[in-house]
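Shown here: input.txt, compact mmCIF, C-alpha atoms.
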```txt
# COMPACT_ATOMS: atom_id res chain seq x y z
CA MET U 1 -2.10 29.47 -8.16
CA PHE U 2 1.54 30.38 -8.37
CA MET U 3 3.37 30.04 -11.60
CA GLY U 4 6.24 27.72 -10.79
CA GLN U 5 9.39 26.96 -12.71
CA ASN U 6 8.89 24.32 -15.32
CA THR U 7 12.28 22.62 -15.15
CA VAL U 8 12.02 18.97 -14.18
CA HIS U 9 13.88 18.27 -10.96
CA ASP U 10 16.49 15.49 -10.67
CA ASP U 11 14.23 13.86 -8.10
CA GLN U 12 11.88 12.98 -10.95
CA LYS U 13 13.79 9.66 -10.65
CA TYR U 14 11.60 8.84 -7.64
CA ILE U 15 8.43 9.52 -9.64
CA ASP U 16 9.81 7.34 -12.44
CA ALA U 17 10.59 4.61 -9.90
CA LEU U 18 6.92 4.60 -8.86
CA LEU U 19 5.85 4.58 -12.50
CA GLN U 20 8.09 1.62 -13.26
CA ASN U 21 7.18 -0.15 -10.02
CA ASP U 22 10.91 -0.34 -9.33
CA GLY U 23 11.07 -2.21 -6.02
CA LYS U 24 14.63 -1.24 -5.21
CA ARG U 25 14.03 2.48 -5.67
CA ILE U 26 10.72 2.37 -3.81
CA GLN U 27 12.59 0.84 -0.91
CA GLU U 28 15.00 3.75 -1.17
CA ILE U 29 12.07 6.17 -0.96
CA TYR U 30 11.07 4.54 2.33
CA THR U 31 14.59 4.56 3.71
CA LYS U 32 15.24 8.18 2.79
CA PHE U 33 11.90 9.88 3.26
CA ALA U 34 9.74 7.85 5.63
CA PRO U 35 11.60 8.62 8.91
CA LYS U 36 10.74 12.32 8.71
CA VAL U 37 7.04 11.55 8.18
CA ILE U 38 7.00 8.97 10.97
CA GLY U 39 8.63 11.46 13.34
CA PHE U 40 6.13 14.12 12.39
CA VAL U 41 3.07 11.87 12.81
CA LYS U 42 4.33 10.64 16.18
CA GLN U 43 4.79 14.20 17.38
CA ASN U 44 1.25 15.02 16.29
CA SER U 45 -0.95 12.50 18.08
CA GLY U 46 -0.28 9.60 15.73
CA ASP U 47 1.56 6.31 15.91
CA GLU U 48 3.69 4.25 13.56
CA ASP U 49 0.69 2.44 12.04
CA ALA U 50 -0.93 5.73 11.18
CA ALA U 51 2.32 6.91 9.58
CA LYS U 52 2.53 3.69 7.59
CA ASP U 53 -0.99 4.13 6.17
CA LEU U 54 -0.38 7.80 5.46
CA ILE U 55 2.83 7.12 3.54
CA GLN U 56 1.20 4.40 1.45
CA GLU U 57 -1.79 6.58 0.63
CA VAL U 58 0.41 9.47 -0.45
CA LEU U 59 2.72 7.31 -2.56
CA LEU U 60 -0.32 5.78 -4.25
CA ILE U 61 -1.78 9.18 -5.07
CA ILE U 62 1.54 10.36 -6.49
CA TYR U 63 1.67 7.18 -8.56
CA ASP U 64 -1.90 7.73 -9.80
CA GLN U 65 -1.13 11.29 -10.77
CA ALA U 66 2.07 10.28 -12.51
CA LYS U 67 0.28 7.56 -14.47
CA THR U 68 -2.75 9.51 -15.57
CA LYS U 69 -1.54 13.10 -15.62
CA ASP U 70 2.11 12.76 -16.49
CA LEU U 71 3.29 14.34 -13.24
CA LYS U 72 6.62 16.13 -13.63
CA LEU U 73 8.39 17.08 -10.43
CA THR U 74 9.72 20.62 -10.36
CA CYS U 75 10.83 20.66 -6.72
CA PRO U 76 12.75 18.26 -4.43
CA PHE U 77 10.87 15.03 -3.70
CA ASP U 78 11.64 15.28 0.01
CA ALA U 79 9.83 18.61 0.48
CA TYR U 80 6.98 17.67 -1.85
CA PHE U 81 6.32 14.29 -0.26
CA PHE U 82 6.63 15.58 3.28
CA MET U 83 4.36 18.55 2.64
CA ILE U 84 1.61 16.36 1.18
CA CYS U 85 1.88 13.94 4.12
CA LYS U 86 1.89 16.79 6.62
CA ARG U 87 -1.15 18.55 5.16
CA LYS U 88 -3.05 15.31 4.78
CA TRP U 89 -2.30 14.42 8.40
CA PHE U 90 -3.44 17.80 9.70
CA THR U 91 -6.62 17.63 7.63
CA ARG U 92 -7.29 14.23 9.16
CA LEU U 93 -6.70 15.50 12.67
CA LYS U 94 -9.03 18.40 12.07
CA LYS U 95 -11.74 16.08 10.75
CA SER U 96 -11.48 13.69 13.64
CA ALA U 97 -11.71 16.77 15.91
CA LYS U 98 -9.73 14.96 18.53
CA GLU U 99 -7.05 17.55 18.26
CA ARG U 100 -7.38 21.27 18.21
CA VAL U 101 -5.00 22.54 15.59
CA THR U 102 -4.00 25.98 16.71
CA ASN U 103 -1.46 27.29 14.24
CA ASP U 104 -2.22 27.20 10.55
CA PRO U 105 -0.70 23.96 9.33
CA LEU U 106 -1.56 24.74 5.76
CA ALA U 107 0.98 27.54 5.64
CA GLY U 108 4.73 27.15 5.61
CA PHE U 109 5.68 26.49 2.02
CA ASP U 110 9.35 27.06 1.28
CA SER U 111 8.74 28.06 -2.30
CA GLU U 112 6.05 28.84 -4.82
CA THR U 113 7.14 25.92 -6.96
CA LEU U 114 6.57 23.58 -4.04
CA GLN U 115 3.20 25.10 -3.25
CA ASP U 116 2.15 24.80 -6.87
CA GLN U 117 3.23 21.18 -7.08
CA VAL U 118 1.59 20.17 -3.81
CA GLN U 119 -1.66 21.89 -4.74
CA GLN U 120 -1.77 20.12 -8.08
CA THR U 121 -1.50 16.78 -6.31
CA GLU U 122 -4.18 17.76 -3.80
CA HIS U 123 -6.54 18.87 -6.56
CA PHE U 124 -5.84 15.67 -8.38
CA GLU U 125 -6.68 13.67 -5.27
CA THR U 126 -9.93 15.60 -4.73
CA LYS U 127 -10.95 14.84 -8.30
CA MET U 128 -10.09 11.14 -7.96
CA GLN U 129 -12.12 11.02 -4.79
CA LEU U 130 -15.08 12.56 -6.61
CA PHE U 131 -14.76 10.08 -9.50
CA LYS U 132 -14.74 7.20 -7.02
CA GLU U 133 -17.87 8.50 -5.31
CA LEU U 134 -19.64 8.92 -8.63
CA PHE U 135 -18.69 5.40 -9.65
CA GLN U 136 -20.35 4.09 -6.50
CA LYS U 137 -23.60 5.76 -7.59
CA LEU U 138 -23.74 3.64 -10.76
CA GLY U 139 -25.93 0.55 -11.05
CA ASP U 140 -24.42 -2.89 -10.63
CA THR U 141 -24.32 -3.72 -14.36
CA CYS U 142 -22.43 -0.52 -15.12
CA LYS U 143 -19.98 -1.14 -12.30
CA GLU U 144 -19.37 -4.66 -13.46
CA ILE U 145 -18.93 -3.79 -17.14
CA LEU U 146 -16.50 -0.98 -16.38
CA GLN U 147 -14.51 -2.94 -13.84
CA LEU U 148 -14.16 -5.93 -16.13
CA SER U 149 -13.56 -4.06 -19.37
CA PHE U 150 -10.78 -1.97 -17.88
CA GLY U 151 -9.40 -5.02 -16.11
CA SER U 152 -8.14 -7.83 -18.27
CA PHE U 153 -11.40 -8.99 -19.88
CA SER U 154 -12.39 -8.54 -23.52
CA MET U 155 -15.83 -7.20 -24.36
CA GLU U 156 -16.70 -10.64 -25.78
CA GLU U 157 -15.85 -12.30 -22.46
CA ILE U 158 -17.83 -9.71 -20.52
CA ALA U 159 -20.86 -10.12 -22.78
CA SER U 160 -20.86 -13.87 -22.28
CA GLN U 161 -20.25 -13.58 -18.53
CA LEU U 162 -23.12 -11.12 -18.04
CA ASN U 163 -25.31 -12.96 -20.54
CA ILE U 164 -25.81 -9.93 -22.77
CA SER U 165 -24.97 -9.35 -26.44
CA TYR U 166 -21.58 -8.02 -27.46
CA ALA U 167 -23.17 -4.96 -29.09
CA TYR U 168 -25.15 -4.18 -25.95
CA ALA U 169 -22.08 -4.59 -23.74
CA ARG U 170 -20.15 -2.09 -25.87
CA LYS U 171 -23.02 0.37 -25.96
CA LYS U 172 -23.61 0.02 -22.25
CA LYS U 173 -19.94 0.68 -21.49
CA SER U 174 -20.01 4.05 -23.25
CA LEU U 175 -23.36 4.97 -21.73
CA CYS U 176 -22.04 4.21 -18.24
CA ILE U 177 -19.03 6.47 -18.79
CA GLY U 178 -21.47 9.01 -20.27
CA GLN U 179 -23.50 8.93 -17.07
CA LEU U 180 -20.37 9.55 -15.00
CA THR U 181 -19.46 12.41 -17.34
CA LYS U 182 -22.84 14.01 -16.79
CA TRP U 183 -22.64 13.68 -13.00
CA ALA U 184 -19.10 15.05 -12.94
CA GLN U 185 -20.11 18.09 -14.98
CA GLU U 186 -22.99 18.75 -12.60
CA SER U 187 -20.75 18.52 -9.56
CA GLN U 188 -19.68 21.75 -7.87
CA VAL U 189 -16.35 20.24 -6.88
CA TYR U 190 -15.57 19.33 -10.49
CA LYS U 191 -16.60 22.79 -11.72
CA GLN U 192 -14.38 24.47 -9.15
CA LEU U 193 -11.40 22.29 -10.00
CA LYS U 194 -11.88 23.00 -13.70
CA GLU U 195 -11.74 26.71 -13.03
CA LEU U 196 -8.37 26.49 -11.29
CA MET O 1 -24.84 14.99 -24.19
CA ASP O 2 -26.98 12.35 -25.89
CA GLU O 3 -26.42 8.61 -26.27
CA ALA O 4 -25.14 8.90 -29.84
CA THR O 5 -22.44 11.38 -28.76
CA THR O 6 -21.33 9.11 -25.94
CA ILE O 7 -21.02 6.15 -28.31
CA LEU O 8 -19.14 8.35 -30.79
CA PHE O 9 -16.64 9.32 -28.04
CA GLU O 10 -16.04 5.69 -27.21
CA ASP O 11 -15.61 4.67 -30.85
CA TYR O 12 -13.13 7.50 -31.37
CA LEU O 13 -11.09 6.56 -28.31
CA GLU O 14 -11.16 2.88 -29.27
CA GLY O 15 -9.90 3.82 -32.74
CA LEU O 16 -12.98 2.36 -34.41
CA LEU O 17 -13.92 5.34 -36.59
CA SER O 18 -13.18 5.38 -40.31
CA GLU O 19 -10.58 7.88 -41.51
CA ALA O 20 -13.27 10.26 -42.77
CA ASP O 21 -15.30 10.01 -39.53
CA ARG O 22 -12.18 10.53 -37.45
CA LEU O 23 -11.27 13.69 -39.34
CA ALA O 24 -14.82 14.99 -39.02
CA PHE O 25 -14.71 14.22 -35.28
CA GLU O 26 -11.45 16.11 -34.83
CA LYS O 27 -12.76 19.06 -36.83
CA ARG O 28 -15.82 19.24 -34.59
CA LEU O 29 -13.57 19.04 -31.50
CA ALA O 30 -11.66 22.07 -32.73
CA GLU O 31 -14.76 24.08 -33.56
CA ASP O 32 -17.46 23.10 -31.09
CA THR O 33 -16.47 24.15 -27.55
CA SER O 34 -19.32 22.40 -25.80
CA PHE O 35 -18.61 19.15 -27.69
CA ALA O 36 -14.90 19.47 -26.82
CA LYS O 37 -15.73 20.09 -23.15
CA ASP O 38 -17.92 16.99 -22.96
CA PHE O 39 -15.24 14.96 -24.68
CA ASP O 40 -12.55 16.18 -22.26
CA THR O 41 -14.57 15.10 -19.25
CA TYR O 42 -15.52 11.77 -20.86
CA LYS O 43 -11.86 11.10 -21.68
CA GLU O 44 -10.72 12.11 -18.21
CA LEU O 45 -13.18 9.71 -16.57
CA ARG O 46 -12.27 6.94 -18.97
CA THR O 47 -8.56 7.40 -18.22
CA HIS O 48 -9.32 7.34 -14.51
CA LEU O 49 -11.34 4.10 -14.78
CA ALA O 50 -8.80 2.40 -17.03
CA HIS O 51 -6.08 3.20 -14.50
CA GLU O 52 -8.12 2.45 -11.39
CA PHE O 53 -9.02 -1.07 -12.55
CA SER O 54 -5.77 -1.95 -14.28
CA GLU O 55 -3.73 -4.95 -13.20
CA GLU O 56 -0.68 -2.72 -13.31
CA ARG O 57 -2.09 -0.53 -10.53
CA ALA O 58 -3.06 -3.59 -8.50
CA ASP O 59 0.51 -4.90 -8.85
CA PHE O 60 1.93 -1.55 -7.81
CA LYS O 61 -0.33 -1.34 -4.78
CA ASN O 62 0.60 -4.85 -3.81
CA GLN O 63 4.31 -4.19 -4.07
CA LEU O 64 3.96 -0.88 -2.21
CA GLU O 65 2.22 -2.66 0.66
CA ASN O 66 4.92 -5.33 0.76
CA ILE O 67 7.71 -2.78 0.83
CA GLY O 68 5.86 -0.71 3.44
CA ASN O 69 5.23 -3.72 5.65
CA ASP O 70 8.80 -4.81 5.24
CA TYR O 71 10.11 -1.38 6.13
CA PHE O 72 7.92 -0.97 9.19
CA ASP O 73 8.14 -4.55 10.46
CA LYS O 74 11.79 -5.26 9.88
CA GLY O 75 13.28 -1.83 9.28
CA SER O 76 12.13 -0.28 12.50
CA SER O 77 13.33 -3.20 14.62
CA GLU O 78 16.72 -3.00 12.92
CA GLU O 79 16.74 0.69 13.66
CA LYS O 80 16.12 -0.02 17.33
CA GLU O 81 19.01 -2.46 17.42
CA THR O 82 21.43 -0.16 15.68
CA LYS O 83 20.58 2.65 18.04
CA VAL O 84 22.45 0.83 20.83
CA ILE O 85 25.81 1.37 19.16
CA LYS O 86 26.64 5.03 19.01
CA PHE O 87 30.01 6.02 17.60
CA ARG O 88 31.83 9.22 18.26
CA PRO O 89 33.63 10.54 15.17
CA TRP O 90 37.08 9.30 16.24
CA GLN O 91 35.65 5.85 16.86
CA TYR O 92 34.71 5.48 13.19
CA GLY O 93 38.39 5.41 12.30
CA ILE O 94 39.08 2.61 14.79
CA ALA O 95 36.01 0.69 13.67
CA ALA O 96 37.06 1.05 10.05
CA SER O 97 40.57 -0.22 10.82
CA ILE O 98 39.18 -3.23 12.69
CA ALA O 99 36.77 -3.96 9.83
CA LEU O 100 39.66 -3.74 7.40
CA LEU O 101 41.77 -6.13 9.48
CA ILE O 102 38.94 -8.61 9.82
CA GLY O 103 38.26 -8.34 6.09
CA PHE O 104 41.91 -8.97 5.32
CA PHE O 105 42.01 -11.94 7.69
CA VAL O 106 38.87 -13.44 6.20
CA ILE O 107 40.13 -13.04 2.63
CA GLN O 108 43.46 -14.65 3.54
CA ASN O 109 41.72 -17.64 5.07
CA MET O 110 39.06 -18.21 2.50
CA GLY O 111 39.01 -21.52 0.70
CA PRO O 112 37.42 -22.24 -2.68
CA ALA O 113 33.79 -21.19 -2.92
CA ALA O 114 31.04 -23.80 -3.19
CA PRO O 115 27.39 -23.28 -4.16
CA GLY O 116 26.37 -24.60 -0.75
CA ASP O 117 28.03 -21.53 0.85
CA TYR O 118 25.48 -19.39 -0.90
CA SER O 119 22.33 -21.45 -0.53
CA PHE O 120 19.46 -19.65 1.13
CA SER O 121 19.67 -20.20 4.87
CA GLU O 122 17.64 -17.41 6.45
CA GLN O 123 14.52 -17.92 8.51
CA ILE O 124 11.68 -16.29 6.65
CA THR O 125 8.87 -14.10 7.94
CA LEU O 126 6.09 -13.75 5.38
CA THR O 127 4.27 -10.48 5.03
CA GLU O 128 0.86 -11.08 6.59
CA ARG O 129 -2.28 -10.00 4.86
CA SER O 130 -5.78 -10.02 6.21
CA ALA O 131 -6.72 -13.10 4.17
CA ASP O 132 -4.94 -16.43 4.27
CA THR O 133 -3.06 -15.70 7.49
CA GLU O 134 -3.28 -19.32 8.57
CA VAL O 135 -1.98 -20.62 5.25
CA LEU O 136 0.90 -18.15 5.33
CA LYS O 137 1.84 -19.15 8.87
CA GLN O 138 1.91 -22.81 7.84
CA ALA O 139 3.97 -22.02 4.74
CA GLU O 140 6.41 -20.01 6.86
CA THR O 141 6.80 -22.73 9.50
CA ALA O 142 7.17 -25.51 6.92
CA PHE O 143 9.78 -23.53 4.99
CA ASN O 144 11.75 -22.66 8.11
CA GLU O 145 11.70 -26.29 9.23
CA GLY O 146 12.84 -27.46 5.82
CA SER O 147 9.57 -29.28 5.08
CA TYR O 148 9.59 -27.98 1.55
CA GLU O 149 6.79 -30.17 0.20
CA ASP O 150 4.39 -28.80 2.83
CA ALA O 151 5.69 -25.31 2.19
CA ILE O 152 5.02 -25.66 -1.56
CA ALA O 153 1.48 -26.91 -0.90
CA ASN O 154 0.75 -23.88 1.28
CA PHE O 155 2.43 -21.41 -1.09
CA THR O 156 0.27 -22.82 -3.89
CA ILE O 157 -2.91 -22.21 -1.88
CA ALA O 158 -1.86 -18.68 -0.93
CA LEU O 159 -0.96 -17.89 -4.55
CA GLU O 160 -4.42 -18.88 -5.74
CA ASN O 161 -5.78 -15.61 -4.36
CA ASP O 162 -2.66 -13.61 -4.94
CA SER O 163 -1.05 -15.05 -8.05
CA GLU O 164 1.41 -12.19 -8.60
CA ASN O 165 2.77 -12.06 -5.04
CA SER O 166 6.50 -12.00 -5.71
CA GLU O 167 7.44 -12.83 -2.12
CA LEU O 168 5.47 -16.10 -2.24
CA LEU O 169 6.69 -16.91 -5.75
CA PHE O 170 10.28 -16.48 -4.62
CA TYR O 171 10.03 -18.75 -1.59
CA LYS O 172 8.10 -21.31 -3.61
CA ALA O 173 10.96 -21.27 -6.14
CA LEU O 174 13.51 -21.80 -3.34
CA SER O 175 11.43 -24.71 -2.00
CA HIS O 176 11.36 -26.46 -5.39
CA ASP O 177 15.05 -25.75 -5.74
CA ALA O 178 15.76 -27.36 -2.36
CA LEU O 179 13.87 -30.47 -3.50
CA ALA O 180 15.86 -30.49 -6.77
CA GLN O 181 12.65 -29.89 -8.74
CA TYR O 182 14.56 -27.65 -11.07
CA SER O 183 12.07 -27.21 -13.90
CA ASP O 184 9.58 -25.83 -11.38
CA SER O 185 12.09 -23.64 -9.59
CA ASP O 186 13.58 -22.34 -12.86
CA SER O 187 10.24 -21.29 -14.27
CA LEU O 188 9.37 -19.41 -11.07
CA TYR O 189 12.80 -17.76 -10.91
CA GLU O 190 12.44 -16.71 -14.54
CA ARG O 191 9.03 -15.21 -13.91
CA LEU O 192 10.52 -13.04 -11.17
CA GLN O 193 13.58 -12.19 -13.25
CA THR O 194 11.43 -10.71 -16.00
CA GLY O 195 9.35 -8.68 -13.53
CA ASN O 196 10.39 -5.65 -11.61
CA SER O 197 9.70 -6.67 -8.05
CA LEU O 198 12.00 -6.63 -5.04
CA TYR O 199 12.77 -10.25 -5.79
CA LYS O 200 14.01 -9.69 -9.34
CA TYR O 201 17.72 -9.91 -8.52
CA LYS O 202 17.28 -12.27 -5.59
CA ALA O 203 15.65 -14.68 -8.05
CA THR O 204 18.46 -14.08 -10.56
CA PHE O 205 21.07 -14.73 -7.89
CA TYR O 206 19.52 -17.92 -6.53
CA LYS O 207 18.84 -19.26 -9.99
CA ALA O 208 22.52 -18.71 -10.78
CA VAL O 209 23.51 -20.50 -7.54
CA SER O 210 21.16 -23.31 -8.52
CA LEU O 211 22.78 -23.61 -11.96
CA TRP O 212 26.19 -23.63 -10.32
CA LYS O 213 24.98 -26.43 -8.03
CA ARG O 214 23.99 -28.35 -11.16
CA ASN O 215 27.46 -27.69 -12.62
CA ASN O 216 26.18 -25.42 -15.38
CA ILE O 217 29.04 -23.09 -14.63
CA GLU O 218 28.92 -21.02 -17.83
CA GLU O 219 25.18 -20.37 -17.56
CA ALA O 220 25.58 -19.53 -13.89
CA LYS O 221 28.38 -17.07 -14.65
CA ALA O 222 26.35 -15.41 -17.38
CA LEU O 223 23.51 -14.95 -14.94
CA PHE O 224 25.69 -13.63 -12.08
CA ARG O 225 27.00 -11.03 -14.53
CA THR O 226 23.50 -9.66 -15.10
CA ILE O 227 23.16 -8.57 -11.44
CA PRO O 228 23.68 -4.79 -11.34
CA ASP O 229 25.76 -3.00 -8.70
CA THR O 230 22.61 -1.50 -7.20
CA ALA O 231 21.37 -4.95 -6.13
CA ASP O 232 22.06 -6.39 -2.67
CA GLU O 233 23.38 -9.56 -4.29
CA TYR O 234 25.96 -7.73 -6.41
CA LYS O 235 28.93 -8.20 -4.06
CA ASP O 236 28.31 -11.91 -3.62
CA ALA O 237 27.80 -12.32 -7.36
CA GLN O 238 31.08 -10.56 -8.12
CA HIS O 239 32.89 -12.59 -5.51
CA ILE O 240 31.58 -15.85 -6.94
CA LEU O 241 32.48 -14.75 -10.47
CA LYS O 242 36.09 -14.24 -9.35
CA LYS O 243 36.14 -17.70 -7.81
CA LEU O 244 34.60 -19.37 -10.84
```
Do you think you could lay out the structure here as structure tokens?
Amino acid sequence: MFMGQNTVHDDQKYIDALLQNDGKRIQEIYTKFAPKVIGFVKQNSGDEDAAKDLIQEVLLIIYDQAKTKDLKLTCPFDAYFFMICKRKWFTRLKKSAKERVTNDPLAGFDSETLQDQVQQTEHFETKMQLFKELFQKLGDTCKEILQLSFGSFSMEEIASQLNISYAYARKKKSLCIGQLTKWAQESQVYKQLKEL
Amino acid sequence: MDEATTILFEDYLEGLLSEADRLAFEKRLAEDTSFAKDFDTYKELRTHLAHEFSEERADFKNQLENIGNDYFDKGSSEEKETKVIKFRPWQYGIAASIALLIGFFVIQNMGPAAPGDYSFSEQITLTERSADTEVLKQAETAFNEGSYEDAIANFTIALENDSENSELLFYKALSHDALAQYSDSDSLYERLQTGNSLYKYKATFYKAVSLWKRNNIEEAKALFRTIPDTADEYKDAQHILKKL
């Protein structure tokens, strides 16, 4: 991985807008940055609906990273956002195998800072994907307890809803996260990401 | 990692350990690499789950979808319309002069402002979701036809499954306002004003217009003043403030 500059870019304002769920600024993100992505998707076997889904997915991932990993932007938002969309789109095309991608779409970074930033987001997404898959492997009680306890329910409410004792609900919650921890540590993907 | 360790992690993160236990925990974190590694992963997963299932994320996702739909449904059609008019550089000057003349003419001929001039008069198109499409269609038609009681009934049903949907809350507020049910409209406007949705300043603006309609001029003015220059409603708000 390249060592990028650590100065926060002025475009951090767009990351902050996502963090604050600032409707006006998010609209601005669409107005300023969506046309380029739409144009690119359309030129590469996609349509407007596909571009719409792609943009929403990418903005959500950036938001998730900003919320849980304190994402600080060190390059222009335009290049960062477009590069993530572009790479994600090409990966999708490759997977669907409908299109033969001849040139290497994963090259073409303007700067090391950009490459570093984009890779961090991609690694973050891979990890989130893994966590989601592991969650699906849990039993129903675990899923329910975790979903409710991290939603807006108190442990008392959850215990009464699931007809279990408060003490058991609390214990179960930590054991369920413990199970996920164990699975994550056993996963090759997680190990590789940790080494980066 | 045994059960006791897992429970200890949770108690530490929940802040349930005594001072002495907490210090012992932190000492072990600093000294025992394997313990620290387990804790890091546990904490990372816990952070992920807390975020994934938070209402805040659900609200964000909801608003993102609304803005996206709005941009693609309305934005792209506007784009198509604007594409018809293509100016050459020299034409901008002429267009600007004409706009200036029209503006001047309009200002010269403008009478005193009335709240009715600013009441909401657009036809609405609600953002469709997979669920409740029928209810939304009925709400939309009723609102556009001015059958506000029917519109409110349908907005209420739609909001049962989507209680934080700012678009629906806003049009429901306008419907109550149109029926002079001001306590209902005010509470909905206020809910949107305190949030951070696209409708924050729209709600502020229309609540101010509503207060003006009720002759609460001072309150209306105070509210118009809170609309920032970044909001679409800023110009109208400033114009009204001058008139009031």
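Atom CA of U:Thr181 sits 17.5 Å away from atom CA of U:Glu144.
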Per-residue nearest contacts chain O to chain U, cut-off 6 Å, using all atoms listed in the file, as a Markdown table:
```
| residue | atom | partner | partner_atom | distance |
| --- | --- | --- | --- | --- |
| O:Thr6 | CA | U:Gly178 | CA | 5.7 |
| O:Ile7 | CA | U:Ser174 | CA | 5.6 |
| O:Glu10 | CA | U:Ser174 | CA | 5.8 |
| O:Thr41 | CA | U:Thr181 | CA | 5.9 |
| O:Tyr42 | CA | U:Thr181 | CA | 5.3 |
| O:Ala50 | CA | U:Phe150 | CA | 4.9 |
| O:Phe53 | CA | U:Gly151 | CA | 5.3 |
| O:Ser54 | CA | U:Gly151 | CA | 5.1 |
| O:Phe60 | CA | U:Asn21 | CA | 5.9 |
| O:Asn196 | CA | U:Asp22 | CA | 5.8 |
| O:Ser197 | CA | U:Gly23 | CA | 5.1 |
| O:Leu198 | CA | U:Gly23 | CA | 4.6 |
```
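Between atom CA of O:Phe120 and atom CA of U:Ile29 the interatomic distance comes to 26.9 Å.
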Contacts of O:Gln193 within 7 Å, all atoms listed in the file, excl. fewer than 4 positions in-chain, as JSON, numbers by chain:
{"O": [189, 200, 201, 203, 204]}
Identify, on the basis of all atoms listed in the file, every residue whose closest approach to O:Asp40 does not exceed 10 Å; exclude the query and any residue fewer than 4 positions from it along the same chain; express the result as a ChimeraX atom specification.
/U:181 /O:9,29,34-36,44-46
What does the structure give for the distance between atom CA of O:Ala208 and atom CA of O:Glu149, in Å to one decimal?
22.3 Å
As an MDAnalysis selection string, please: the residues near O:Pro228 (cut-off 10 Å, all atoms listed in the file, same-chain neighbours under 5 positions excluded).
chainID O and resid 201 233:235 237:238
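Compared by their closest atoms to O:Ala178, and using all atoms listed in the file, the residues O:Ile217, O:Ala30, O:Ile152, O:Leu159 rank with O:Ile152 nearest.
Nearest residue to U:Lys86, choosing from U:Lys194, U:Val37, U:Glu125, U:Ile164 and counting all atoms listed in the file: U:Val37.
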